[in-house]
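K.L.:
Dropping in work20.cif, with mmCIF, C-alpha atoms and all ligand atoms.
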```cif
data_target
#
loop_
_atom_site.label_atom_id
_atom_site.label_comp_id
_atom_site.auth_asym_id
_atom_site.auth_seq_id
_atom_site.Cartn_x
_atom_site.Cartn_y
_atom_site.Cartn_z
CA MET A 1 18.07 -2.63 2.46
CA GLU A 2 19.54 -0.52 5.24
CA LEU A 3 18.22 2.90 6.13
CA ASP A 4 19.53 4.63 9.22
CA LEU A 5 16.20 5.43 10.88
CA LEU A 6 15.01 6.97 14.14
CA PRO A 7 11.44 6.74 15.49
CA LEU A 8 9.23 9.67 14.39
CA ASN A 9 8.99 10.66 18.03
CA LEU A 10 6.39 13.41 17.62
CA PRO A 11 6.14 15.73 20.64
CA ASN A 12 3.12 15.03 22.89
CA ILE A 13 1.91 12.18 20.70
CA THR A 14 1.78 8.76 22.30
CA ALA A 15 2.99 6.04 19.97
CA GLN A 16 -0.33 4.27 19.45
CA ARG A 17 -1.85 2.71 16.35
CA PRO A 18 -3.19 4.33 14.35
CA LEU A 19 -1.35 7.61 14.51
CA VAL A 20 -3.87 9.84 12.74
CA ILE A 21 -3.07 12.92 10.68
CA ALA A 22 -6.17 14.73 9.42
CA GLY A 23 -7.18 17.98 7.81
CA PRO A 24 -8.34 19.43 4.54
CA CYS A 25 -6.81 18.68 1.17
CA SER A 26 -6.04 22.40 0.92
CA ALA A 27 -5.88 25.34 3.27
CA GLU A 28 -8.49 27.68 1.73
CA THR A 29 -9.26 30.45 4.20
CA GLU A 30 -8.20 31.24 7.73
CA GLU A 31 -11.73 30.45 8.96
CA GLN A 32 -11.85 27.08 7.18
CA VAL A 33 -8.45 26.12 8.62
CA MET A 34 -9.33 27.16 12.18
CA GLU A 35 -12.82 25.66 12.13
CA THR A 36 -11.65 22.32 10.73
CA ALA A 37 -8.69 22.12 13.12
CA THR A 38 -10.84 23.01 16.15
CA LYS A 39 -13.39 20.31 15.26
CA LEU A 40 -10.67 17.73 14.66
CA LEU A 41 -9.00 18.54 17.96
CA ALA A 42 -12.36 18.08 19.71
CA LYS A 43 -12.34 14.53 18.29
CA GLY A 44 -8.89 13.85 19.66
CA ILE A 45 -6.90 14.42 16.46
CA LYS A 46 -3.52 15.94 17.31
CA VAL A 47 -1.82 16.29 13.94
CA PHE A 48 -3.33 18.70 11.41
CA ARG A 49 -2.63 18.47 7.68
CA ALA A 50 -3.41 21.04 4.99
CA GLY A 51 -1.95 21.55 1.54
CA ILE A 52 -0.51 25.04 1.04
CA TRP A 53 0.93 24.36 -2.43
CA LYS A 54 -1.19 21.98 -4.51
CA PRO A 55 0.25 20.07 -7.45
CA ARG A 56 -2.75 19.78 -9.76
CA THR A 57 -2.79 17.54 -12.81
CA LYS A 58 -4.11 20.35 -15.03
CA PRO A 59 -3.60 24.11 -14.74
CA GLY A 60 -6.62 26.20 -13.91
CA GLY A 61 -7.61 24.26 -10.80
CA PHE A 62 -6.93 25.58 -7.33
CA GLU A 63 -3.16 25.44 -6.96
CA GLY A 64 -3.01 26.24 -3.29
CA ILE A 65 -3.23 29.42 -1.26
CA GLY A 66 0.57 29.65 -1.01
CA GLU A 67 2.60 31.33 1.69
CA GLN A 68 -0.27 33.45 2.96
CA GLY A 69 -1.75 30.23 4.43
CA LEU A 70 1.29 29.50 6.57
CA PRO A 71 0.37 31.96 9.38
CA TRP A 72 -2.99 30.10 9.65
CA MET A 73 -1.09 26.85 10.20
CA GLN A 74 0.97 28.62 12.82
CA ARG A 75 -2.22 29.65 14.62
CA VAL A 76 -3.35 26.00 14.66
CA LYS A 77 -0.07 25.10 16.30
CA GLN A 78 0.06 27.99 18.77
CA GLU A 79 -3.62 28.33 19.73
CA LEU A 80 -4.74 24.70 19.55
CA GLY A 81 -1.46 22.97 20.38
CA MET A 82 -1.75 20.66 17.38
CA LEU A 83 1.19 19.57 15.26
CA THR A 84 1.05 20.79 11.67
CA ALA A 85 1.92 19.06 8.40
CA THR A 86 2.05 20.23 4.81
CA GLU A 87 3.34 19.15 1.40
CA VAL A 88 6.59 20.56 0.03
CA ALA A 89 8.00 20.13 -3.46
CA THR A 90 10.80 22.71 -3.78
CA PRO A 91 13.55 24.23 -1.63
CA ALA A 92 11.51 27.46 -1.44
CA HIS A 93 8.52 25.55 -0.04
CA ILE A 94 10.72 23.93 2.60
CA GLU A 95 12.25 27.21 3.69
CA ALA A 96 8.85 28.90 3.93
CA ALA A 97 7.25 25.97 5.81
CA LEU A 98 10.07 25.81 8.34
CA LYS A 99 9.92 29.58 8.85
CA TYR A 100 6.35 29.03 10.10
CA ASP A 101 7.35 26.06 12.32
CA ILE A 102 5.51 23.38 10.37
CA ASP A 103 6.24 20.18 12.32
CA ILE A 104 6.02 17.53 9.62
CA LEU A 105 6.62 17.79 5.87
CA TRP A 106 5.37 15.37 3.27
CA ILE A 107 6.53 14.94 -0.29
CA GLY A 108 3.77 14.39 -2.82
CA ALA A 109 3.39 11.51 -5.25
CA ARG A 110 4.14 13.74 -8.25
CA THR A 111 7.42 14.89 -6.74
CA VAL A 112 8.73 11.50 -5.60
CA VAL A 113 8.80 10.35 -9.25
CA ASN A 114 11.54 12.88 -9.98
CA PRO A 115 15.05 12.06 -8.71
CA PHE A 116 16.29 15.61 -9.47
CA ALA A 117 13.52 17.10 -7.32
CA MET A 118 14.15 14.54 -4.56
CA GLN A 119 17.87 15.32 -4.54
CA GLU A 120 17.19 19.04 -4.34
CA ILE A 121 14.81 18.48 -1.45
CA ALA A 122 17.33 16.23 0.30
CA ASP A 123 20.08 18.86 -0.12
CA THR A 124 17.81 21.55 1.33
CA LEU A 125 16.89 19.38 4.32
CA LYS A 126 20.50 18.57 5.20
CA GLY A 127 21.09 19.27 8.89
CA LYS A 128 17.36 19.64 9.67
CA ASP A 129 15.53 17.34 12.06
CA THR A 130 11.98 17.64 10.67
CA PRO A 131 10.14 14.33 10.20
CA ILE A 132 9.53 13.70 6.50
CA LEU A 133 6.74 11.55 5.05
CA VAL A 134 7.38 10.28 1.54
CA LYS A 135 4.33 9.42 -0.54
CA ASN A 136 4.59 6.59 -3.02
CA PRO A 137 5.37 7.77 -6.56
CA VAL A 138 2.33 7.88 -8.87
CA ASN A 139 3.69 4.92 -10.82
CA PRO A 140 4.06 1.54 -9.12
CA ASP A 141 7.85 1.56 -8.90
CA ILE A 142 9.10 0.49 -5.49
CA GLU A 143 12.74 1.19 -6.43
CA LEU A 144 11.91 4.83 -7.19
CA TRP A 145 10.13 5.10 -3.84
CA ILE A 146 13.09 3.59 -1.99
CA GLY A 147 15.51 5.71 -4.04
CA GLY A 148 13.77 8.86 -2.80
CA LEU A 149 13.98 7.62 0.79
CA GLN A 150 17.67 6.85 0.33
CA ARG A 151 18.43 10.35 -0.94
CA LEU A 152 16.82 11.84 2.18
CA ASN A 153 18.53 9.35 4.47
CA ASP A 154 21.91 10.02 2.83
CA ALA A 155 21.31 13.71 3.64
CA GLY A 156 21.00 12.76 7.31
CA ILE A 157 17.18 12.66 7.59
CA LYS A 158 16.43 9.81 9.99
CA ARG A 159 12.87 10.52 11.09
CA LEU A 160 11.30 9.11 7.96
CA ALA A 161 7.97 7.45 7.20
CA VAL A 162 6.01 6.69 4.04
CA ILE A 163 2.46 7.31 2.89
CA HIS A 164 0.71 4.72 0.75
CA ARG A 165 -1.65 6.74 -1.50
CA GLY A 166 -2.10 4.24 -4.34
CA PHE A 167 -0.96 4.25 -7.97
CA SER A 168 -2.35 5.89 -11.09
CA SER A 169 -3.98 3.62 -13.61
CA TYR A 170 -5.36 4.24 -17.05
CA ASP A 171 -8.84 2.97 -16.33
CA ARG A 172 -10.28 4.04 -13.03
CA ARG A 173 -12.92 1.71 -11.75
CA ILE A 174 -13.41 1.39 -8.04
CA TYR A 175 -10.43 3.40 -6.86
CA ARG A 176 -9.01 6.77 -7.81
CA ASN A 177 -5.56 5.25 -7.34
CA LEU A 178 -5.06 1.48 -7.28
CA PRO A 179 -3.86 0.33 -3.86
CA MET A 180 -1.62 -2.51 -5.19
CA TRP A 181 -1.16 -3.64 -1.58
CA HIS A 182 1.76 -5.91 -2.49
CA ILE A 183 3.95 -2.83 -2.99
CA PRO A 184 3.72 -1.41 0.56
CA ILE A 185 3.92 -5.00 1.85
CA GLU A 186 7.17 -5.50 -0.08
CA LEU A 187 8.44 -2.16 1.26
CA ARG A 188 7.73 -3.39 4.79
CA ARG A 189 9.65 -6.60 4.06
CA ARG A 190 12.64 -4.65 2.78
CA ILE A 191 12.65 -1.84 5.37
CA PRO A 192 10.87 -3.28 8.41
CA HIS A 193 11.21 -0.30 10.76
CA LEU A 194 9.90 2.33 8.38
CA PRO A 195 6.44 3.49 9.56
CA ILE A 196 3.68 3.35 6.93
CA PHE A 197 0.66 5.68 6.82
CA GLY A 198 -2.37 4.69 4.77
CA ASP A 199 -3.99 7.47 2.73
CA PRO A 200 -7.54 6.20 2.12
CA SER A 201 -8.63 9.58 0.71
CA HIS A 202 -6.32 9.53 -2.30
CA ILE A 203 -6.62 5.78 -2.87
CA GLY A 204 -10.41 5.80 -2.72
CA GLY A 205 -11.24 9.20 -4.17
CA ARG A 206 -14.73 8.72 -2.71
CA ARG A 207 -16.07 9.17 0.81
CA GLU A 208 -17.65 5.72 1.06
CA LEU A 209 -14.30 4.02 0.48
CA ILE A 210 -12.54 5.76 3.39
CA ALA A 211 -13.78 3.38 6.11
CA PRO A 212 -12.90 0.07 4.40
CA LEU A 213 -9.52 1.43 3.27
CA CYS A 214 -8.68 2.57 6.83
CA GLN A 215 -9.55 -0.92 8.08
CA GLN A 216 -7.46 -2.58 5.38
CA ALA A 217 -4.45 -0.40 6.26
CA MET A 218 -4.85 -1.41 9.92
CA ASP A 219 -5.22 -5.10 9.04
CA LEU A 220 -1.89 -4.91 7.21
CA GLY A 221 -0.27 -3.51 10.34
CA PHE A 222 0.31 0.03 9.05
CA GLU A 223 1.22 2.47 11.82
CA GLY A 224 -0.84 5.46 10.78
CA LEU A 225 -3.53 7.05 8.67
CA ILE A 226 -3.62 10.40 6.88
CA VAL A 227 -7.19 11.34 6.08
CA GLU A 228 -8.63 14.39 4.33
CA SER A 229 -11.18 16.07 6.55
CA HIS A 230 -12.93 19.39 5.94
CA CYS A 231 -15.49 21.36 7.95
CA ASN A 232 -17.66 21.60 4.81
CA PRO A 233 -16.51 18.88 2.38
CA ASP A 234 -19.02 19.61 -0.39
CA GLN A 235 -17.67 23.14 -0.71
CA ALA A 236 -13.98 22.12 -0.69
CA TRP A 237 -11.81 23.86 -3.29
CA SER A 238 -9.97 20.62 -4.10
CA ASP A 239 -10.70 16.88 -3.80
CA ALA A 240 -14.26 17.56 -2.53
CA SER A 241 -15.57 14.06 -3.27
CA GLN A 242 -13.07 12.36 -0.97
CA GLN A 243 -13.21 14.65 2.06
CA ILE A 244 -15.24 13.89 5.18
CA THR A 245 -16.29 15.98 8.16
CA PRO A 246 -14.43 15.63 11.48
CA ASP A 247 -17.61 13.93 12.84
CA VAL A 248 -17.59 11.28 10.13
CA LEU A 249 -13.86 10.75 10.57
CA ASP A 250 -14.39 10.21 14.29
CA PHE A 251 -17.19 7.71 13.57
CA ILE A 252 -14.93 5.78 11.17
CA LEU A 253 -12.01 5.71 13.60
CA GLU A 254 -14.26 4.55 16.46
CA LYS A 255 -15.43 1.61 14.39
CA LEU A 256 -11.96 0.41 13.38
CA THR A 257 -10.80 -2.94 14.67
CA ILE A 258 -7.18 -2.55 15.64
CA ARG A 259 -5.35 -5.83 15.90
CA LYS A 260 -1.97 -5.86 17.58
CA SER A 261 0.96 -6.57 15.28
CA ALA A 262 1.65 -9.70 17.32
CA GLU A 263 -1.91 -10.92 16.70
CA ILE A 264 -1.54 -10.21 13.00
CA THR A 265 1.73 -12.16 12.88
CA GLU A 266 0.21 -14.99 14.90
CA SER A 267 -2.78 -15.47 12.65
CA LEU A 268 -0.59 -15.07 9.58
CA ASP A 269 1.84 -17.65 11.00
CA SER A 270 -0.96 -20.11 11.56
CA LEU A 271 -2.26 -19.60 8.01
CA ARG A 272 1.26 -20.08 6.66
CA LYS A 273 1.58 -23.34 8.62
CA GLN A 274 -1.65 -24.53 7.01
CA ILE A 275 -0.26 -23.67 3.57
CA ASP A 276 2.94 -25.61 4.37
CA GLU A 277 0.82 -28.62 5.36
CA CYS A 278 -1.21 -28.40 2.12
CA ASP A 279 2.00 -28.18 0.08
CA ASN A 280 3.48 -31.21 1.85
CA ALA A 281 0.30 -33.19 1.19
CA LEU A 282 0.35 -32.08 -2.47
CA LEU A 283 3.97 -33.18 -2.84
CA GLU A 284 3.31 -36.57 -1.27
CA LEU A 285 0.34 -37.13 -3.57
CA LEU A 286 2.36 -36.06 -6.61
CA ALA A 287 5.16 -38.45 -5.65
CA LYS A 288 2.58 -41.24 -5.30
CA ARG A 289 1.09 -40.35 -8.70
CA MET A 290 4.56 -40.49 -10.32
CA ARG A 291 5.25 -43.87 -8.73
CA ILE A 292 2.00 -45.21 -10.24
CA SER A 293 2.97 -43.66 -13.61
CA ARG A 294 6.25 -45.57 -13.50
CA GLU A 295 4.36 -48.80 -12.76
CA ILE A 296 2.18 -48.08 -15.78
CA GLY A 297 5.41 -47.52 -17.74
CA THR A 298 6.62 -50.99 -16.76
CA TYR A 299 3.26 -52.50 -17.79
CA LYS A 300 3.28 -50.72 -21.17
CA LYS A 301 6.83 -51.87 -21.80
CA GLU A 302 5.96 -55.50 -21.01
CA HIS A 303 2.91 -55.33 -23.29
CA ASN A 304 4.64 -53.39 -26.03
CA MET A 305 2.28 -50.40 -25.84
CA THR A 306 2.99 -46.75 -26.74
CA ILE A 307 3.45 -44.28 -23.88
CA VAL A 308 0.91 -41.62 -24.85
CA GLN A 309 -2.62 -42.84 -25.16
CA THR A 310 -4.31 -39.71 -26.48
CA ALA A 311 -7.89 -40.66 -25.60
CA ARG A 312 -6.91 -41.17 -21.97
CA TYR A 313 -4.95 -37.89 -21.92
CA SER A 314 -7.91 -35.83 -23.28
CA GLU A 315 -10.22 -37.47 -20.79
CA ILE A 316 -7.94 -36.48 -17.91
CA LEU A 317 -7.66 -32.86 -19.05
CA ASP A 318 -11.41 -32.46 -19.61
CA LYS A 319 -12.54 -34.18 -16.43
CA ARG A 320 -10.04 -32.43 -14.18
CA GLY A 321 -10.86 -29.05 -15.71
CA ALA A 322 -14.55 -29.57 -14.97
CA GLN A 323 -13.84 -30.87 -11.45
CA GLY A 324 -11.61 -27.89 -10.72
CA SER A 325 -14.27 -25.51 -11.88
CA LEU A 326 -16.81 -27.17 -9.55
CA CYS A 327 -14.36 -26.53 -6.69
CA GLY A 328 -14.21 -22.83 -7.51
CA MET A 329 -10.97 -22.85 -9.51
CA ASN A 330 -10.31 -21.60 -13.01
CA PRO A 331 -10.59 -24.62 -15.40
CA ASN A 332 -7.74 -23.23 -17.52
CA PHE A 333 -5.46 -23.17 -14.51
CA ILE A 334 -6.39 -26.81 -13.77
CA ARG A 335 -5.78 -27.85 -17.39
CA ASP A 336 -2.39 -26.10 -17.40
CA MET A 337 -1.44 -27.76 -14.15
CA PHE A 338 -2.43 -31.24 -15.38
CA GLU A 339 -0.57 -30.67 -18.63
CA LEU A 340 2.58 -30.07 -16.59
CA ILE A 341 1.93 -33.11 -14.40
CA HIS A 342 1.28 -35.23 -17.47
CA GLU A 343 4.51 -34.04 -19.08
CA GLU A 344 6.50 -35.18 -16.05
CA SER A 345 4.64 -38.55 -16.00
CA ILE A 346 5.58 -39.10 -19.64
CA ALA A 347 9.21 -38.24 -18.90
CA GLN A 348 9.28 -40.75 -16.05
CA GLN A 349 7.59 -43.45 -18.17
CA SER A 350 10.03 -42.93 -21.09
CA GLU A 351 12.91 -43.41 -18.73
CA ILE A 352 11.54 -46.80 -17.70
CA MET A 353 10.65 -47.89 -21.27
CA ASN A 354 14.06 -46.95 -22.64
CA LYS A 355 16.04 -48.63 -19.91
C1 LIG A 401 -2.58 15.57 -1.07
O1 LIG A 401 -2.18 14.92 -0.08
O2 LIG A 401 -3.50 16.39 -1.01
C2 LIG A 401 -1.99 15.24 -2.39
C3 LIG A 401 -1.91 16.14 -3.37
O3 LIG A 401 -1.62 13.99 -2.47
P1 LIG A 401 -0.83 13.11 -3.60
O4 LIG A 401 0.54 13.64 -3.67
O5 LIG A 401 -0.91 11.75 -2.97
O6 LIG A 401 -1.63 13.19 -4.87
MN MN A 402 -5.91 15.98 -1.83
#
```
Step by step, read the file and then write its structure as structure tokens.
Ligand code: PEP
Ligand code: MN
P.N.:
Amino acid sequence: MELDLLPLNLPNITAQRPLVIAGPCSAETEEQVMETATKLLAKGIKVFRAGIWKPRTKPGGFEGIGEQGLPWMQRVKQELGMLTATEVATPAHIEAALKYDIDILWIGARTVVNPFAMQEIADTLKGKDTPILVKNPVNPDIELWIGGLQRLNDAGIKRLAVIHRGFSSYDRRIYRNLPMWHIPIELRRRIPHLPIFGDPSHIGGRRELIAPLCQQAMDLGFEGLIVESHCNPDQAWSDASQQITPDVLDFILEKLTIRKSAEITESLDSLRKQIDECDNALLELLAKRMRISREIGTYKKEHNMTIVQTARYSEILDKRGAQGSLCGMNPNFIRDMFELIHEESIAQQSEIMNK
């Protein structure tokens, strides 16, 4: 998969992991925006997020302050020197956001599912140089995610990155949105130079999950984090249960263990080598087992015996199932595997007996 990408290259931001974007789910009041941004800046956060237009699942919730919040974002940029980021879903949003010099735009999970909306956004952004962050679509469809990126890239947008915010599921247990880590990992495999931001707030949906989800994103080598942070989280007008104060955010970031990508690859490489060795040993043992099966085939032929001796077969399946379970494996998996092995043994024995 080829995308024509350029580094995000954000002004005055050194390219270090993690690149952190933080701020409230929604801009609510001028005071809330300024207070949260000031506290975040004091903790070293340089990119401020706030939703101006909020796509809510049901009507009646807070749907964002709208354009009147954009001058507040501009104050954050001008008075505090932070970069600003907000969500856009329509051409009108993009035009308004750019009028107020928003530095980074992101496209929300509910918009990325819609190719018409993505095409309209791409057409509006043609000729603009704003970095765009594309959230994963709410449903776990990597092609749809990549399709959205392609539309933007075809429109000439090269400063692209993605946000992994998890996927909707019918039954919510631990997470608000299931992380399904294999999807961002596959995206990394297909488009290696595309930066990935982890969004622990929308995956977790709960404050206590933010720290472990940040760590997990770092362990997978993601480049950045986008975290919802509010000066008074309990009183937030949207997503209150997943927002944390700038102090708590700072505490979480301080505690993160950041491994270099090279270290990650090295330890992964060494684990992969161990897997290769295990597989080689398994194959050698299987070959040995088949050779013995063929010897048994010769014996049975010489003594005029049938191939399948059911009592012996049941004994093998039962014993191996129980042994597997003692070693921490699912007995059904072990039974299935030995059924397959047995099938191949029989095939090899028949060949010998019918020669
Ligand atoms: C948000 O970032 O506040 C938001 C609405 O996110 P998502 O599109 O991931 O639901
Ligand atoms: Mn939110």
K.L.:
To box ligand LIG 401 (chain A), take all atoms listed in the file, fit an axis-aligned box, add 6 Å on each side, and give centre and edge lengths in Å to one decimal, as AutoDock Vina command-line options.
P.N.:
```
--center_x -1.5 --center_y 14.1 --center_z -2.5 --size_x 16.0 --size_y 16.6 --size_z 16.8
```
K.L.:
Could you state the separation of CA of Lys43 (chain A) and CA of Gly166 (chain A) in Å, given to one decimal place?
P.N.:
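Going from CA of Lys43 (chain A) over to CA of Gly166 (chain A), I get 26.9 Å.
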K.L.:
Considering all atoms listed in the file, give me a table of residues in chain A that are at most 8 Å from ligand LIG 401 (chain A), with the closest atom pair and distance in Å for each, as a Markdown table.
P.N.:
```
| residue | atom | partner | partner_atom | distance |
| --- | --- | --- | --- | --- |
| A:Pro24 | CA | A:LIG401 | O2 | 8.0 |
| A:Cys25 | CA | A:LIG401 | O2 | 4.6 |
| A:Ser26 | CA | A:LIG401 | O2 | 6.8 |
| A:Ala50 | CA | A:LIG401 | O2 | 7.6 |
| A:Gly51 | CA | A:LIG401 | O2 | 6.0 |
| A:Lys54 | CA | A:LIG401 | C3 | 6.0 |
| A:Pro55 | CA | A:LIG401 | C3 | 6.1 |
| A:Arg56 | CA | A:LIG401 | C3 | 7.4 |
| A:Glu87 | CA | A:LIG401 | O1 | 7.1 |
| A:Ile107 | CA | A:LIG401 | O4 | 7.0 |
| A:Gly108 | CA | A:LIG401 | O4 | 3.4 |
| A:Ala109 | CA | A:LIG401 | O4 | 3.9 |
| A:Arg110 | CA | A:LIG401 | O4 | 5.8 |
| A:Thr111 | CA | A:LIG401 | O4 | 7.6 |
| A:Lys135 | CA | A:LIG401 | O5 | 6.2 |
| A:Asn136 | CA | A:LIG401 | O5 | 7.5 |
| A:Val138 | CA | A:LIG401 | O6 | 7.7 |
| A:Arg165 | CA | A:LIG401 | O5 | 5.3 |
| A:Gly166 | CA | A:LIG401 | O5 | 7.7 |
| A:Asp199 | CA | A:LIG401 | O5 | 7.8 |
| A:His202 | CA | A:LIG401 | O5 | 5.9 |
| A:Glu228 | CA | A:LIG401 | O2 | 7.7 |
| A:Asp239 | CA | A:LIG401 | O2 | 7.7 |
```
K.L.:
Using all atoms listed in the file, which of A:Pro200, A:Thr130, A:Ala92, A:Arg159 sits nearest ligand MN 402 (chain A)?
P.N.:
A:Pro200
K.L.:
In terms of the shortest atom-to-atom distance over all atoms listed in the file, which of A:Ile244, A:Val47, A:Cys214, A:Leu5 is closest to ligand MN 402 (chain A)?
P.N.:
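Closest residue, counting all atoms listed in the file: A:Ile244.
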K.L.:
Could you work out how far CA of Lys255 (chain A) lies from CA of Glu35 (chain A), giving the answer in Å with one decimal?
P.N.:
24.3 Å
K.L.:
For each of A:Ala27, A:Leu317, A:Leu19, A:Ile102, take the minimum atom-to-atom distance to ligand MN 402 (chain A), counting all atoms listed in the file, then give the residue where this is smallest.
P.N.:
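For ligand MN 402 (chain A), the nearest of the given residues is A:Ala27.
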K.L.:
Grab the CA of Pro212 (chain A) to CA of Ile252 (chain A) distance for me, in Å with one decimal place.
P.N.:
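Interatomic distance, CA of Pro212 (chain A) to CA of Ile252 (chain A): 9.1 Å.
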K.L.:
Tell me which protein, DNA and RNA residues are within 10 Å of region 180-183 of chain A, counting only C-alpha atoms, leaving out same-chain ones fewer than 6 positions away, and put them as a ChimeraX atom specification.
P.N.:
/A:136,140-142,164-167,189,203,216-217,220
K.L.:
Write to file, as a PDB file, in the coordinates of the input, the residues of the selection just made, with C-alpha atoms.
P.N.:
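out.pdb, freshly written:
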```
ATOM      1  CA  ASN A 136       4.590   6.590  -3.020  1.00  0.00           C
ATOM      2  CA  PRO A 140       4.060   1.540  -9.120  1.00  0.00           C
ATOM      3  CA  ASP A 141       7.850   1.560  -8.900  1.00  0.00           C
ATOM      4  CA  ILE A 142       9.100   0.490  -5.490  1.00  0.00           C
ATOM      5  CA  HIS A 164       0.710   4.720   0.750  1.00  0.00           C
ATOM      6  CA  ARG A 165      -1.650   6.740  -1.500  1.00  0.00           C
ATOM      7  CA  GLY A 166      -2.100   4.240  -4.340  1.00  0.00           C
ATOM      8  CA  PHE A 167      -0.960   4.250  -7.970  1.00  0.00           C
ATOM      9  CA  ARG A 189       9.650  -6.600   4.060  1.00  0.00           C
ATOM     10  CA  ILE A 203      -6.620   5.780  -2.870  1.00  0.00           C
ATOM     11  CA  GLN A 216      -7.460  -2.580   5.380  1.00  0.00           C
ATOM     12  CA  ALA A 217      -4.450  -0.400   6.260  1.00  0.00           C
ATOM     13  CA  LEU A 220      -1.890  -4.910   7.210  1.00  0.00           C
TER      14      LEU A 220
END
```
K.L.:
Tell me which of A:Glu63, A:Glu223, A:Asp171, A:Glu351 sits closest to ligand MN 402 (chain A), counting all atoms listed in the file.
P.N.:
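When distances to ligand MN 402 (chain A) are compared using all atoms listed in the file, the smallest one comes from A:Glu63.
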K.L.:
Do a neighbour search on region 260-274 of chain A at 10 Å with only C-alpha atoms, toss out local chain neighbours closer than 6 positions, and write the hits as a ChimeraX atom specification.
P.N.:
/A:17,218-223,280
K.L.:
Would you save the residues of that selection, restricted to C-alpha atoms, as a PDB file, in the frame of the given file?
P.N.:
```
ATOM      1  CA  ARG A  17      -1.850   2.710  16.350  1.00  0.00           C
ATOM      2  CA  MET A 218      -4.850  -1.410   9.920  1.00  0.00           C
ATOM      3  CA  ASP A 219      -5.220  -5.100   9.040  1.00  0.00           C
ATOM      4  CA  LEU A 220      -1.890  -4.910   7.210  1.00  0.00           C
ATOM      5  CA  GLY A 221      -0.270  -3.510  10.340  1.00  0.00           C
ATOM      6  CA  PHE A 222       0.310   0.030   9.050  1.00  0.00           C
ATOM      7  CA  GLU A 223       1.220   2.470  11.820  1.00  0.00           C
ATOM      8  CA  ASN A 280       3.480 -31.210   1.850  1.00  0.00           C
TER       9      ASN A 280
END
```
K.L.:
With all atoms listed in the file as the atoms that count, which of A:Met1, A:Cys327, A:Ala236, A:Ile196 lies nearest to ligand MN 402 (chain A)?
P.N.:
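Ranking A:Met1, A:Cys327, A:Ala236, A:Ile196 by distance to ligand MN 402 (chain A), first place goes to A:Ala236.
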K.L.:
For a quick check of understanding, using only C-alpha atoms, which of A:Ala96, A:Ile191, A:Ile352, A:Leu41 has the smallest distance to Glu302 (chain A)?
P.N.:
A:Ile352
K.L.:
What's the 12 Å shell around Gln74 (chain A), counting only C-alpha atoms, without same-chain residues fewer than 5 positions away, as a PDB file with C-alpha atoms, in the coordinates of the input?
P.N.:
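Generated file (selection_24.pdb):
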```pdb
ATOM      1  CA  GLU A  30      -8.200  31.240   7.730  1.00  0.00           C
ATOM      2  CA  VAL A  33      -8.450  26.120   8.620  1.00  0.00           C
ATOM      3  CA  MET A  34      -9.330  27.160  12.180  1.00  0.00           C
ATOM      4  CA  ALA A  37      -8.690  22.120  13.120  1.00  0.00           C
ATOM      5  CA  PHE A  48      -3.330  18.700  11.410  1.00  0.00           C
ATOM      6  CA  ARG A  49      -2.630  18.470   7.680  1.00  0.00           C
ATOM      7  CA  ALA A  50      -3.410  21.040   4.990  1.00  0.00           C
ATOM      8  CA  GLU A  67       2.600  31.330   1.690  1.00  0.00           C
ATOM      9  CA  GLN A  68      -0.270  33.450   2.960  1.00  0.00           C
ATOM     10  CA  GLY A  69      -1.750  30.230   4.430  1.00  0.00           C
ATOM     11  CA  GLU A  79      -3.620  28.330  19.730  1.00  0.00           C
ATOM     12  CA  LEU A  80      -4.740  24.700  19.550  1.00  0.00           C
ATOM     13  CA  GLY A  81      -1.460  22.970  20.380  1.00  0.00           C
ATOM     14  CA  MET A  82      -1.750  20.660  17.380  1.00  0.00           C
ATOM     15  CA  LEU A  83       1.190  19.570  15.260  1.00  0.00           C
ATOM     16  CA  THR A  84       1.050  20.790  11.670  1.00  0.00           C
ATOM     17  CA  ALA A  85       1.920  19.060   8.400  1.00  0.00           C
ATOM     18  CA  THR A  86       2.050  20.230   4.810  1.00  0.00           C
ATOM     19  CA  ALA A  96       8.850  28.900   3.930  1.00  0.00           C
ATOM     20  CA  ALA A  97       7.250  25.970   5.810  1.00  0.00           C
ATOM     21  CA  LEU A  98      10.070  25.810   8.340  1.00  0.00           C
ATOM     22  CA  LYS A  99       9.920  29.580   8.850  1.00  0.00           C
ATOM     23  CA  TYR A 100       6.350  29.030  10.100  1.00  0.00           C
ATOM     24  CA  ASP A 101       7.350  26.060  12.320  1.00  0.00           C
ATOM     25  CA  ILE A 102       5.510  23.380  10.370  1.00  0.00           C
ATOM     26  CA  ASP A 103       6.240  20.180  12.320  1.00  0.00           C
TER      27      ASP A 103
END
```
K.L.:
So which residues touch Leu3 (chain A) within 12 Å, counting all atoms listed in the file, skipping near sequence neighbours fewer than 4 positions away, as a PyMOL selection string?
P.N.:
chain A and resi 146-161+190-194
K.L.:
What's around His230 (chain A) at 7 Å? Count all atoms listed in the file, leave out sequence neighbours fewer than 6 positions away in its own chain, and write the answer as a count of residues only.
P.N.:
7
K.L.:
With 9 Å as the threshold, what does the neighbourhood of (7.0, -45.9, -13.4) contain in terms of residues, counting all atoms listed in the file? Coordinates are those of the file; answer as a list in words.
P.N.:
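Within 9 Å of (7.0, -45.9, -13.4), the protein and nucleic acid residues are Met290, Arg291, Ile292, Ser293, Arg294, Glu295, Ile296, Gly297, Thr298, Tyr299, Ser345, Gln348, Gln349, Ser350, Glu351, Ile352 and Met353 of chain A.
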